[in-house]
Amino acid sequence: MYLYGASGHAKVIVDILKASGIEVDGMFDDDKSINELVSIPVFHNWNGESPIVVSIGNNETRRQIVQKLKCEFGTVIHPSAIVSPNATIGEGSVVMQGAIVQSDAAVGRHCILNTGASVDHECTIEDFVHISPQATLCGNVHIGEGAWIGAAAVVIPGVKIGKWAVIGAGSVVVDDIPDRVVAFGNPCRVRTDEEKNQKNYPNRIAIYGAGGLGREVAGGIQRINSAGRGNWEFVGFYDDNKEVGTPVSHYGKVMGGMDDLNSVNEPLAIAIAVGDPMTRKLILERITNENIYYPNLIAPSFRVLDPKTFIIGQGNIIQDSCSVTCNVTVGDFNVLNGSNVLGHDVELGNFNVLMPGVRLSGSVGVGECNLFGVDSVVLQRIKVGNNITLGAGSVLMTKPKNGNTYIGVPAKKFEY
Ligand SMILES: CC(C)(COP(=O)(O)OP(=O)(O)OC[C@H]1O[C@@H](n2cnc3c(N)ncnc32)[C@H](O)[C@@H]1OP(=O)(O)O)[C@@H](O)C(=O)NCCC(=O)NCCS
């Protein structure tokens with residue numbers, strides 16, 4: 001086994017491997033002044049040696065190194081840890097002395113469950129998470145990618161912690177915590193001091209699409225920041241149809257097109273602010289840069305009647321005054337452009353655009369790439385497939401056929 005990162009954290013992993021009877025053949029570190037750690041040689045050029053564990057405590061640094069190493073990763077579990085046979089631990093993860101992982105817990109890739117950490121039944125931990133010493137996750141807790149849970153923090157049952165969030169040592173988390181914030185205390189509250197929030201994790205964001213929707217999304221990001229629900233550093237717009245340097249209202253400038261976006265070499269969040277559903281999908285397909293990620297941008301006024309049954313993917317934009325009730329699922333890359341209502345059991349797929357005022361009644365199912373015009377309504381239990389356009393003010397009362405346009409009350413197929 002090899003380790004990448006000759007740090008204090010690596011010393012603990014060496015102990016764990018020794019206790020499991022596994023030899024450490026060597027370590028790698030970019031710092032050329034380190035040649036040895038706990039009597040193990042430290043090399044500076046990695047040539048594919050594996051299996052390897054990235055032994056770096058900082059979640060974002062660990063993610064960046066993992067991205068560069070295309071090889072087999074080891075998984076390290078100390079013999080004193082108790083891991084339920086029904087739990088799963090992803091590759092590259094480390095479970096330290098005395099940690100406990102209960103039944104049906106799912107731990108992602110390259111996570112750290114530090115000394116004495118406790119992960120109870122049915123918890124889900126996404127990749128690159130660090131659960132610090134003695135921290136306790138009660139049952140059914142969900143920890144987003146890259147989040148860091150401080151030492152001895154307690155997270156009560158069913159709470160969701162956002163991606164790349166930082167939870168201070170000793171906190172008691174009683175409510176969901178949004179993505180990319182620092183939160184601490186008992187009860188745990190998000191810190192609103194933007195400057196301090198910005199130092200722990202990637203938080204730069206740009207918008208693809210410098211049109212009207214782009215400006216609306218830029219305004220939405222400002223609102224999220226000022227409400228303390230995020231702390232984004234907005235860096236500008238990308239657009240293939242506008243000159244570099246073109247100002248976009250007072251929000252920022254166009255920084256380039258798709259090629260420039262694909263050359264960005266540090267983590268950057270992107271919001272795709274293009275209103276045509278198929279174009280949204282095509283844009284996503286053209287973004288090939290692994291440094292790009294897609295957060296959900298959710299207006300602080302968004303209301304969820306039953307947060308425990310609300311499921312949401314990535315890359316969604318939810319503007320002001322939207323609400324969902326119970327058992328609602330929102331897939332990926334949808335736009336809810338304001339004052340949208342999704343009733344019970346609605347399942348919204350991917351790349352759908354709901355113009356302002358759209359209402360989806362109970363048990364409506366929606367596939368991919370549909371466009372719902374301003375103030376349109378879909379009646380209960382209707383299944384909407386793919387690539388359908390519903391005209392402004394229309395009321396859809398029967399199942400539409402894929403790829404067609406429907407208008408009127410009741411909405412009828414429109415022949416061009
Ligand atoms: C939350 C945390 C990341 C904030 O770090 P920071 O940005 O350097 O914050 P500062 O130390 O500047 O503190 C800012 C303020 O928050 C308060 N604060 C910081 N962490 C706190 C915590 N865990 N609980 C309560 N208050 C806290 C400070 O007292 C300070 O208050 P003040 O402005 O009234 O003086 C950090 O304090 C923390 O808890 N880290 C987790 C450490 C850990 O568990 N490590 C495990 C390693 S294996």
# chains A, B, ... in the order shown; residues from 1 in each chain; ligands from 1
>>> residues_near_ligand(ligand="ligand 1", cutoff="9 Å", atoms="only C-alpha atoms and all ligand atoms", output="PyMOL selection string")
chain A and resi 9+57+114-115+130-133+135+148-153+166-171+182-186+188+191+193+196-200
>>> write_last_selection(atoms="C-alpha atoms", output="tab-separated table (two decimals), in the first residue's frame")
chain	number	residue	atom	x	y	z
A	9	HIS	CA	-2.79	12.37	9.19
A	57	GLY	CA	-6.97	15.82	5.85
A	114	ASN	CA	-11.76	9.93	12.32
A	115	THR	CA	-11.02	8.50	15.77
A	130	HIS	CA	-14.35	14.25	6.91
A	131	ILE	CA	-16.13	13.26	10.13
A	132	SER	CA	-13.74	14.49	12.86
A	133	PRO	CA	-12.92	12.71	16.13
A	135	ALA	CA	-18.41	13.47	16.07
A	148	TRP	CA	-16.26	18.70	7.16
A	149	ILE	CA	-17.94	17.84	10.48
A	150	GLY	CA	-15.86	19.22	13.38
A	151	ALA	CA	-14.70	17.25	16.42
A	152	ALA	CA	-17.44	16.17	18.86
A	153	ALA	CA	-20.21	17.75	16.77
A	166	VAL	CA	-18.03	23.17	7.54
A	167	ILE	CA	-19.60	22.36	10.92
A	168	GLY	CA	-17.65	23.75	13.88
A	169	ALA	CA	-16.29	21.57	16.67
A	170	GLY	CA	-18.84	20.80	19.39
A	171	SER	CA	-21.85	22.01	17.40
A	182	VAL	CA	-19.50	27.58	7.86
A	183	ALA	CA	-21.90	26.87	10.72
A	184	PHE	CA	-21.30	26.31	14.43
A	185	GLY	CA	-22.81	26.48	17.91
A	186	ASN	CA	-25.63	24.86	19.85
A	188	CYS	CA	-25.79	25.17	15.04
A	191	ARG	CA	-22.08	32.15	10.08
A	193	ASP	CA	-19.50	36.80	8.06
A	196	LYS	CA	-14.42	34.44	6.93
A	197	ASN	CA	-16.79	32.02	5.23
A	198	GLN	CA	-14.84	32.20	2.04
A	199	LYS	CA	-11.60	30.67	3.15
A	200	ASN	CA	-12.35	27.00	3.61
>>> residues_around(residues="segment 48-52 of chain A", least_positions_apart="6", cutoff="7 Å", atoms="only C-alpha atoms", output="PDB file with N, CA and C atoms, in the first residue's frame")
ATOM      1  N   MET A   1       0.859  -1.203   0.000  1.00  0.00           N
ATOM      2  CA  MET A   1       0.000   0.000   0.000  1.00  0.00           C
ATOM      3  C   MET A   1       0.888   1.244   0.000  1.00  0.00           C
ATOM      4  N   TYR A   2       0.461   2.259  -0.713  1.00  0.00           N
ATOM      5  CA  TYR A   2       1.169   3.544  -0.743  1.00  0.00           C
ATOM      6  C   TYR A   2       0.248   4.629  -0.175  1.00  0.00           C
ATOM      7  N   LEU A   3       0.881   5.714   0.303  1.00  0.00           N
ATOM      8  CA  LEU A   3       0.112   6.855   0.782  1.00  0.00           C
ATOM      9  C   LEU A   3       0.533   8.089  -0.005  1.00  0.00           C
ATOM     10  N   TYR A   4      -0.418   8.990  -0.248  1.00  0.00           N
ATOM     11  CA  TYR A   4      -0.076  10.258  -0.908  1.00  0.00           C
ATOM     12  C   TYR A   4      -0.356  11.358   0.091  1.00  0.00           C
ATOM     13  N   CYS A  71      -5.870   5.433 -10.696  1.00  0.00           N
ATOM     14  CA  CYS A  71      -5.311   4.128 -10.287  1.00  0.00           C
ATOM     15  C   CYS A  71      -6.242   3.461  -9.288  1.00  0.00           C
ATOM     16  N   GLU A  72      -5.781   2.352  -8.742  1.00  0.00           N
ATOM     17  CA  GLU A  72      -6.560   1.646  -7.725  1.00  0.00           C
ATOM     18  C   GLU A  72      -6.333   2.304  -6.364  1.00  0.00           C
ATOM     19  N   PHE A  73      -7.398   2.540  -5.618  1.00  0.00           N
ATOM     20  CA  PHE A  73      -7.265   3.142  -4.292  1.00  0.00           C
ATOM     21  C   PHE A  73      -7.514   2.094  -3.214  1.00  0.00           C
ATOM     22  N   GLY A  74      -6.782   2.238  -2.096  1.00  0.00           N
ATOM     23  CA  GLY A  74      -6.990   1.321  -0.977  1.00  0.00           C
ATOM     24  C   GLY A  74      -8.095   1.840  -0.065  1.00  0.00           C
TER      25      GLY A  74
END
>>> closest_residue(among="A:Val235, A:Val172, A:Leu297, A:Val353", to="Gly275 of chain A", atoms="only C-alpha atoms")
A:Val353
>>> residues_around(residues="Cys369 of chain A", least_positions_apart="5", cutoff="12 Å", atoms="only C-alpha atoms", output="ChimeraX atom specification")
/A:275-282,331-335,348-354,384-390,402-404
>>> write_last_selection(atoms="N, CA and C atoms", output="tab-separated table (two decimals), in the first residue's frame")
chain	number	residue	atom	x	y	z
A	275	GLY	N	-32.62	29.54	-21.15
A	275	GLY	CA	-34.01	29.15	-20.91
A	275	GLY	C	-34.53	28.05	-21.81
A	276	ASP	N	-33.85	27.72	-22.89
A	276	ASP	CA	-34.34	26.67	-23.78
A	276	ASP	C	-33.87	25.30	-23.26
A	277	PRO	N	-34.81	24.40	-22.96
A	277	PRO	CA	-34.42	23.14	-22.31
A	277	PRO	C	-33.38	22.33	-23.08
A	278	MET	N	-33.57	22.15	-24.41
A	278	MET	CA	-32.62	21.33	-25.17
A	278	MET	C	-31.23	21.97	-25.18
A	279	THR	N	-31.20	23.32	-25.30
A	279	THR	CA	-29.91	24.01	-25.31
A	279	THR	C	-29.21	23.83	-23.97
A	280	ARG	N	-29.97	23.84	-22.88
A	280	ARG	CA	-29.37	23.61	-21.55
A	280	ARG	C	-28.65	22.26	-21.54
A	281	LYS	N	-29.32	21.26	-22.12
A	281	LYS	CA	-28.74	19.91	-22.12
A	281	LYS	C	-27.47	19.88	-22.99
A	282	LEU	N	-27.56	20.54	-24.16
A	282	LEU	CA	-26.40	20.52	-25.06
A	282	LEU	C	-25.21	21.24	-24.43
A	331	GLY	N	-35.19	16.60	-10.23
A	331	GLY	CA	-33.97	15.96	-10.75
A	331	GLY	C	-32.82	16.94	-10.90
A	332	ASP	N	-32.22	17.00	-12.09
A	332	ASP	CA	-31.04	17.84	-12.31
A	332	ASP	C	-31.32	18.92	-13.36
A	333	PHE	N	-30.69	20.06	-13.18
A	333	PHE	CA	-30.62	21.12	-14.20
A	333	PHE	C	-31.98	21.68	-14.61
A	334	ASN	N	-32.92	21.72	-13.68
A	334	ASN	CA	-34.21	22.35	-13.96
A	334	ASN	C	-34.14	23.83	-13.59
A	335	VAL	N	-35.03	24.62	-14.19
A	335	VAL	CA	-35.19	26.01	-13.79
A	335	VAL	C	-36.62	26.21	-13.31
A	348	LEU	N	-40.26	15.69	-10.96
A	348	LEU	CA	-39.76	16.52	-12.07
A	348	LEU	C	-38.43	15.92	-12.50
A	349	GLY	N	-38.29	15.62	-13.80
A	349	GLY	CA	-37.05	14.99	-14.28
A	349	GLY	C	-35.91	15.98	-14.42
A	350	ASN	N	-35.30	16.02	-15.61
A	350	ASN	CA	-34.11	16.86	-15.80
A	350	ASN	C	-34.33	17.86	-16.93
A	351	PHE	N	-33.63	18.97	-16.85
A	351	PHE	CA	-33.59	19.99	-17.93
A	351	PHE	C	-34.96	20.58	-18.25
A	352	ASN	N	-35.86	20.62	-17.30
A	352	ASN	CA	-37.16	21.25	-17.54
A	352	ASN	C	-37.10	22.71	-17.14
A	353	VAL	N	-37.85	23.55	-17.85
A	353	VAL	CA	-37.89	24.97	-17.53
A	353	VAL	C	-39.33	25.36	-17.23
A	354	LEU	N	-39.55	25.86	-16.00
A	354	LEU	CA	-40.88	26.31	-15.59
A	354	LEU	C	-40.84	27.83	-15.52
A	384	VAL	N	-46.25	13.92	-18.08
A	384	VAL	CA	-45.70	14.71	-19.19
A	384	VAL	C	-44.38	14.04	-19.57
A	385	GLY	N	-44.22	13.69	-20.84
A	385	GLY	CA	-43.00	12.98	-21.26
A	385	GLY	C	-41.83	13.92	-21.48
A	386	ASN	N	-41.37	13.98	-22.75
A	386	ASN	CA	-40.16	14.74	-23.05
A	386	ASN	C	-40.40	15.73	-24.19
A	387	ASN	N	-39.65	16.82	-24.17
A	387	ASN	CA	-39.62	17.81	-25.27
A	387	ASN	C	-41.00	18.36	-25.61
A	388	ILE	N	-41.80	18.62	-24.60
A	388	ILE	CA	-43.13	19.20	-24.82
A	388	ILE	C	-43.10	20.67	-24.44
A	389	THR	N	-43.80	21.50	-25.23
A	389	THR	CA	-43.94	22.91	-24.87
A	389	THR	C	-45.41	23.15	-24.51
A	390	LEU	N	-45.63	23.75	-23.35
A	390	LEU	CA	-46.99	24.10	-22.93
A	390	LEU	C	-47.10	25.61	-22.97
A	402	ASN	N	-45.00	13.28	-26.84
A	402	ASN	CA	-43.64	13.82	-26.82
A	402	ASN	C	-43.36	14.70	-28.03
A	403	GLY	N	-42.65	15.79	-27.81
A	403	GLY	CA	-42.15	16.61	-28.90
A	403	GLY	C	-43.15	17.60	-29.45
A	404	ASN	N	-44.34	17.72	-28.86
A	404	ASN	CA	-45.36	18.62	-29.41
A	404	ASN	C	-45.59	19.84	-28.54
>>> select_by_dssp(residues="segment 114-250 of chain A", states="strand (DSSP E or B)", output="PyMOL selection string")
chain A and resi 118-119+124-125+130-131+136-137+142-143+148-149+154-155+160-161+166-167+172-173+177+182-184+189-190+204-208+233-238+247-248
>>> decode(residues="segment 49-73 of chain A", atoms="N, CA and C atoms", output="CSV table (one decimal), in the first residue's frame")
chain,number,residue,atom,x,y,z
A,49,GLU,N,2.2,4.0,-8.9
A,49,GLU,CA,2.2,3.0,-7.8
A,49,GLU,C,0.9,2.9,-7.1
A,50,SER,N,0.4,1.7,-6.9
A,50,SER,CA,-0.9,1.6,-6.2
A,50,SER,C,-1.0,0.2,-5.7
A,51,PRO,N,-2.0,-0.2,-4.8
A,51,PRO,CA,-3.1,0.7,-4.4
A,51,PRO,C,-2.5,1.9,-3.5
A,52,ILE,N,-3.3,3.0,-3.5
A,52,ILE,CA,-2.8,4.1,-2.8
A,52,ILE,C,-4.0,4.8,-2.0
A,53,VAL,N,-3.6,5.4,-0.9
A,53,VAL,CA,-4.6,6.1,-0.1
A,53,VAL,C,-4.1,7.6,-0.1
A,54,VAL,N,-5.0,8.5,-0.4
A,54,VAL,CA,-4.6,9.9,-0.3
A,54,VAL,C,-4.8,10.4,1.2
A,55,SER,N,-3.6,10.6,1.8
A,55,SER,CA,-3.6,10.8,3.3
A,55,SER,C,-3.5,12.3,3.6
A,56,ILE,N,-4.5,13.0,3.1
A,56,ILE,CA,-4.5,14.5,3.3
A,56,ILE,C,-5.8,14.8,4.0
A,57,GLY,N,-5.8,15.5,5.1
A,57,GLY,CA,-7.0,15.8,5.8
A,57,GLY,C,-7.9,16.8,5.2
A,58,ASN,N,-7.3,17.8,4.4
A,58,ASN,CA,-8.2,18.8,3.8
A,58,ASN,C,-9.0,18.2,2.7
A,59,ASN,N,-10.3,18.4,2.7
A,59,ASN,CA,-11.1,17.7,1.8
A,59,ASN,C,-10.9,18.1,0.4
A,60,GLU,N,-10.8,19.4,0.1
A,60,GLU,CA,-10.6,19.9,-1.2
A,60,GLU,C,-9.3,19.5,-1.8
A,61,THR,N,-8.2,19.6,-1.0
A,61,THR,CA,-6.9,19.1,-1.5
A,61,THR,C,-6.9,17.6,-1.8
A,62,ARG,N,-7.6,16.9,-1.0
A,62,ARG,CA,-7.7,15.4,-1.2
A,62,ARG,C,-8.4,15.2,-2.5
A,63,ARG,N,-9.5,15.9,-2.8
A,63,ARG,CA,-10.2,15.7,-4.0
A,63,ARG,C,-9.3,16.0,-5.2
A,64,GLN,N,-8.6,17.1,-5.1
A,64,GLN,CA,-7.8,17.5,-6.3
A,64,GLN,C,-6.7,16.5,-6.6
A,65,ILE,N,-6.1,15.9,-5.5
A,65,ILE,CA,-5.1,14.9,-5.8
A,65,ILE,C,-5.7,13.6,-6.3
A,66,VAL,N,-6.9,13.2,-5.8
A,66,VAL,CA,-7.6,12.0,-6.3
A,66,VAL,C,-7.8,12.2,-7.8
A,67,GLN,N,-8.2,13.3,-8.2
A,67,GLN,CA,-8.6,13.6,-9.6
A,67,GLN,C,-7.4,13.3,-10.5
A,68,LYS,N,-6.2,13.6,-10.0
A,68,LYS,CA,-5.0,13.4,-10.8
A,68,LYS,C,-4.5,12.0,-10.8
A,69,LEU,N,-4.8,11.2,-9.8
A,69,LEU,CA,-4.3,9.8,-9.7
A,69,LEU,C,-5.3,8.9,-10.3
A,70,LYS,N,-5.1,8.4,-11.5
A,70,LYS,CA,-6.0,7.4,-12.1
A,70,LYS,C,-5.4,6.0,-11.8
A,71,CYS,N,-5.9,5.4,-10.7
A,71,CYS,CA,-5.3,4.1,-10.3
A,71,CYS,C,-6.2,3.5,-9.3
A,72,GLU,N,-5.8,2.4,-8.7
A,72,GLU,CA,-6.6,1.6,-7.7
A,72,GLU,C,-6.3,2.3,-6.4
A,73,PHE,N,-7.4,2.5,-5.6
A,73,PHE,CA,-7.3,3.1,-4.3
A,73,PHE,C,-7.5,2.1,-3.2
